[in-house]
Amino acid sequence: MTQAASVVSAKDLCLTYQADDAPVHALSNVNLDVRKGDFVSFIGPSGCGKTTFLRVIADLERKTSGDITVNGMTPEEARKARAYGYVFQAPALYPWRTIEKNIALPLEIMSYPSADRKKRIAAALELVNLSGFEKKFPWQLSGGMQQRASIARALAFDADLLLMDEPFGALDEIVRDHLNEELLKLWARTDKTICFVTHSIPEAVYLSTKIVVMSPRPGRVTDIIDSTLPKERPLGIRETPEFLEIAHRVREGLRAGHSYEH
Ligand code: ADP
Ligand code: MG
């Protein structure tokens, strides 16, 4: 079998923020290969560089040293080629635009024809259970609904690579379960590549083909786990021994990273 194409490739990637008092080593020698069709979760305590890593992929931060490519290009080239959709940790919707018009914005910028825009917006809203909220303004929606709208915005765009920074962190568990299932279906159907940041071990294990365990000060990768779970995953899979075994390994990785601290 030929290996799938590399979507994100990091080699000895380092990023140091120059803060006023002391430099912050947000990423230290990160080596990682994300292949087309992978669902990769990044998990680790606050401050271990998860957001920074996504921001480097998206060309919102520049590496200090090492190498990173996105679809074989530099992050800047990939950004210009609109290689990814980004779901931020906070919804980041424009308050003066309706939900529909917020989702339309990137599509307008990319000059999608109006009829196509409408279709994409409707499909994306249905996917996140927000059909009927097209004409509402963000401030008329709950925080969870706003986050779903921002997910719809990244989905409508239909990029092959989705970067998602704790997109479901603010949602209650029932809604989160539903969106996890929907996201998996979408991923299976579309062959998208997803880089997903989470704090939740069950969420990481349920969703991923690959789990990247990180630890802080300096931010680094401490374990990379290739999931043995099948692609088809009913929610009940979370009760199986195989699932619990992977969850156990993630927890061990997080604990090992923690013991670095003095
Ligand atoms: P995570 O998303 O895993 O919580 P971040 O990538 O946001 O972690 O941050 C990694 C480290 O870099 C943290 O110590 C954080 O305080 C620091 N950091 C993030 N952004 C900046 C910045 N713009 N300037 C200085 N330090 C930063
Ligand atoms: Mg973060």
# chains A, B, ... in the order shown; residues from 1 in each chain; ligands from 1
$ residues_around --residues "Pro216 of chain A" --least-positions-apart "5" --cutoff "12 Å" --atoms "only C-alpha atoms" --output "ChimeraX atom specification"
/A:24-28,43-50,52,221-222,254-261
$ residues_around --residues "Ala90 of chain A" --least-positions-apart "5" --cutoff "10 Å" --atoms "only C-alpha atoms" --output "CSV table (one decimal) with all heavy atoms, in the first residue's frame"
chain,number,residue,atom,x,y,z
A,143,GLY,N,-23.7,30.6,23.8
A,143,GLY,CA,-22.3,30.5,23.5
A,143,GLY,C,-22.0,29.2,22.7
A,143,GLY,O,-21.2,29.2,21.7
A,146,GLN,N,-23.1,29.6,19.1
A,146,GLN,CA,-22.2,30.5,18.4
A,146,GLN,C,-21.0,29.7,18.0
A,146,GLN,O,-20.5,29.8,16.8
A,146,GLN,CB,-21.7,31.6,19.3
A,146,GLN,CG,-22.7,32.7,19.6
A,146,GLN,CD,-22.2,33.8,20.5
A,146,GLN,OE1,-21.0,34.1,20.5
A,146,GLN,NE2,-23.1,34.4,21.3
A,147,GLN,N,-20.5,28.8,18.9
A,147,GLN,CA,-19.4,27.9,18.5
A,147,GLN,C,-19.8,27.0,17.3
A,147,GLN,O,-19.0,26.8,16.4
A,147,GLN,CB,-18.9,27.2,19.7
A,147,GLN,CG,-17.6,26.4,19.5
A,147,GLN,CD,-16.4,27.3,19.0
A,147,GLN,OE1,-16.5,28.1,18.1
A,147,GLN,NE2,-15.3,27.3,19.7
A,150,SER,N,-19.6,28.9,14.2
A,150,SER,CA,-18.2,29.1,13.7
A,150,SER,C,-17.6,27.8,13.1
A,150,SER,O,-16.8,27.8,12.2
A,150,SER,CB,-17.3,29.7,14.7
A,150,SER,OG,-16.9,28.7,15.6
A,165,ASP,N,-9.5,24.2,17.2
A,165,ASP,CA,-8.9,24.5,18.5
A,165,ASP,C,-9.9,24.4,19.6
A,165,ASP,O,-10.7,25.4,19.8
A,165,ASP,CB,-8.2,25.8,18.5
A,165,ASP,CG,-7.2,26.0,19.7
A,165,ASP,OD1,-7.3,25.1,20.6
A,165,ASP,OD2,-6.5,27.0,19.7
A,166,GLU,N,-10.0,23.3,20.3
A,166,GLU,CA,-11.0,23.0,21.3
A,166,GLU,C,-12.4,23.5,20.9
A,166,GLU,O,-13.0,24.3,21.7
A,166,GLU,CB,-10.6,23.7,22.6
A,166,GLU,CG,-9.2,23.2,23.1
A,166,GLU,CD,-8.9,23.6,24.5
A,166,GLU,OE1,-9.8,23.6,25.4
A,166,GLU,OE2,-7.8,24.0,24.8
A,167,PRO,N,-12.9,23.1,19.8
A,167,PRO,CA,-14.2,23.6,19.3
A,167,PRO,C,-15.4,23.3,20.1
A,167,PRO,O,-16.3,24.0,20.2
A,167,PRO,CB,-14.3,23.0,17.9
A,167,PRO,CG,-13.5,21.7,18.0
A,167,PRO,CD,-12.4,22.0,18.9
A,169,GLY,N,-15.2,22.6,23.5
A,169,GLY,CA,-14.8,22.7,24.9
A,169,GLY,C,-15.9,23.4,25.7
A,169,GLY,O,-16.0,23.1,26.9
A,170,ALA,N,-16.6,24.3,25.1
A,170,ALA,CA,-17.6,25.1,25.9
A,170,ALA,C,-19.0,24.4,25.9
A,170,ALA,O,-19.9,25.0,26.4
A,170,ALA,CB,-17.7,26.5,25.4
$ closest_residue --among "A:Ile224, A:Ala19, A:Val7, A:Ile99" --to "ligand 1" --atoms "only C-alpha atoms and all ligand atoms"
A:Ala19
$ residues_around --residues "segment 33-40 of chain A" --least-positions-apart "2" --cutoff "8 Å" --atoms "only C-alpha atoms" --output "ChimeraX atom specification"
/A:4-10,31,42,187,191-196,207-212
$ residues_around --residues "Ala156 of chain A" --least-positions-apart "6" --cutoff "9 Å" --atoms "only C-alpha atoms" --output "count of residues only"
12
$ closest_residue --among "A:Leu179, A:Val56, A:Ala115, A:Leu13" --to "ligand 1" --atoms "only C-alpha atoms and all ligand atoms"
A:Val56
$ closest_residue --among "A:Gly253, A:Pro241, A:Pro91, A:Pro138" --to "Thr228 of chain A" --atoms "only C-alpha atoms"
A:Pro241
$ select_by_dssp --residues "segment 149-232 of chain A" --states "alpha helix (DSSP H)" --output "ChimeraX atom specification"
/A:149-156,173-190,201-207
$ closest_residue --among "A:Tyr206, A:Tyr94, A:Phe88, A:Phe133" --to "Ile237 of chain A" --atoms "only C-alpha atoms"
A:Tyr206
$ atom_distance --atom1 "atom CA of Val213 of chain A" --atom2 "atom 4 (O, counted along the ligand's line) of ligand 1"
12.8 Å
$ closest_residue --among "A:Ile68, A:Ala58, A:Leu93, A:Ile201" --to "Leu141 of chain A" --atoms "only C-alpha atoms"
A:Leu93
$ residues_around --residues "Ala78 of chain A" --least-positions-apart "4" --cutoff "12 Å" --atoms "only C-alpha atoms" --output "list in words"
Val7, Val8, Val56, Ile57, Ala58, Asp59, Leu60, Ile68, Thr69, Val70, Asn71, Gly72, Met73, Thr74, Arg82, Ala83, Tyr84, Gly85, Ala159, Asp160 and Leu161 of chain A
$ closest_residue --among "A:Arg176, A:Arg220, A:Lys11, A:Arg233" --to "ligand 1" --atoms "only C-alpha atoms and all ligand atoms"
A:Arg220
$ select_by_dssp --residues "segment 103-223 of chain A" --states "strand (DSSP E)" --output "JSON, numbers by chain"
{"A": [161, 162, 163, 164, 165, 193, 194, 195, 196, 197, 198, 210, 211, 212, 213, 214, 215, 220, 221, 222, 223]}
$ write_last_selection --atoms "C-alpha atoms" --output "PDB file, in the first residue's frame"
ATOM      1  CA  LEU A 161      -7.586  20.425   6.059  1.00  0.00           C
ATOM      2  CA  LEU A 162      -9.558  21.500   9.123  1.00  0.00           C
ATOM      3  CA  LEU A 163      -7.757  23.041  12.097  1.00  0.00           C
ATOM      4  CA  MET A 164      -9.975  22.961  15.187  1.00  0.00           C
ATOM      5  CA  ASP A 165      -8.883  24.467  18.502  1.00  0.00           C
ATOM      6  CA  THR A 193      -7.599  15.776   7.286  1.00  0.00           C
ATOM      7  CA  ILE A 194      -8.355  17.141  10.743  1.00  0.00           C
ATOM      8  CA  CYS A 195      -6.045  18.584  13.409  1.00  0.00           C
ATOM      9  CA  PHE A 196      -8.087  18.853  16.585  1.00  0.00           C
ATOM     10  CA  VAL A 197      -7.112  20.295  19.969  1.00  0.00           C
ATOM     11  CA  THR A 198      -8.897  18.991  23.045  1.00  0.00           C
ATOM     12  CA  LYS A 210      -3.592   9.513  15.870  1.00  0.00           C
ATOM     13  CA  ILE A 211      -3.286  11.116  19.303  1.00  0.00           C
ATOM     14  CA  VAL A 212      -0.446  13.505  20.022  1.00  0.00           C
ATOM     15  CA  VAL A 213       0.244  13.863  23.745  1.00  0.00           C
ATOM     16  CA  MET A 214       2.017  17.094  24.678  1.00  0.00           C
ATOM     17  CA  SER A 215       3.517  18.586  27.805  1.00  0.00           C
ATOM     18  CA  ARG A 220       6.845  19.296  23.386  1.00  0.00           C
ATOM     19  CA  VAL A 221       5.401  16.032  22.122  1.00  0.00           C
ATOM     20  CA  THR A 222       5.760  13.215  24.662  1.00  0.00           C
ATOM     21  CA  ASP A 223       3.836  10.430  22.912  1.00  0.00           C
TER      22      ASP A 223
END
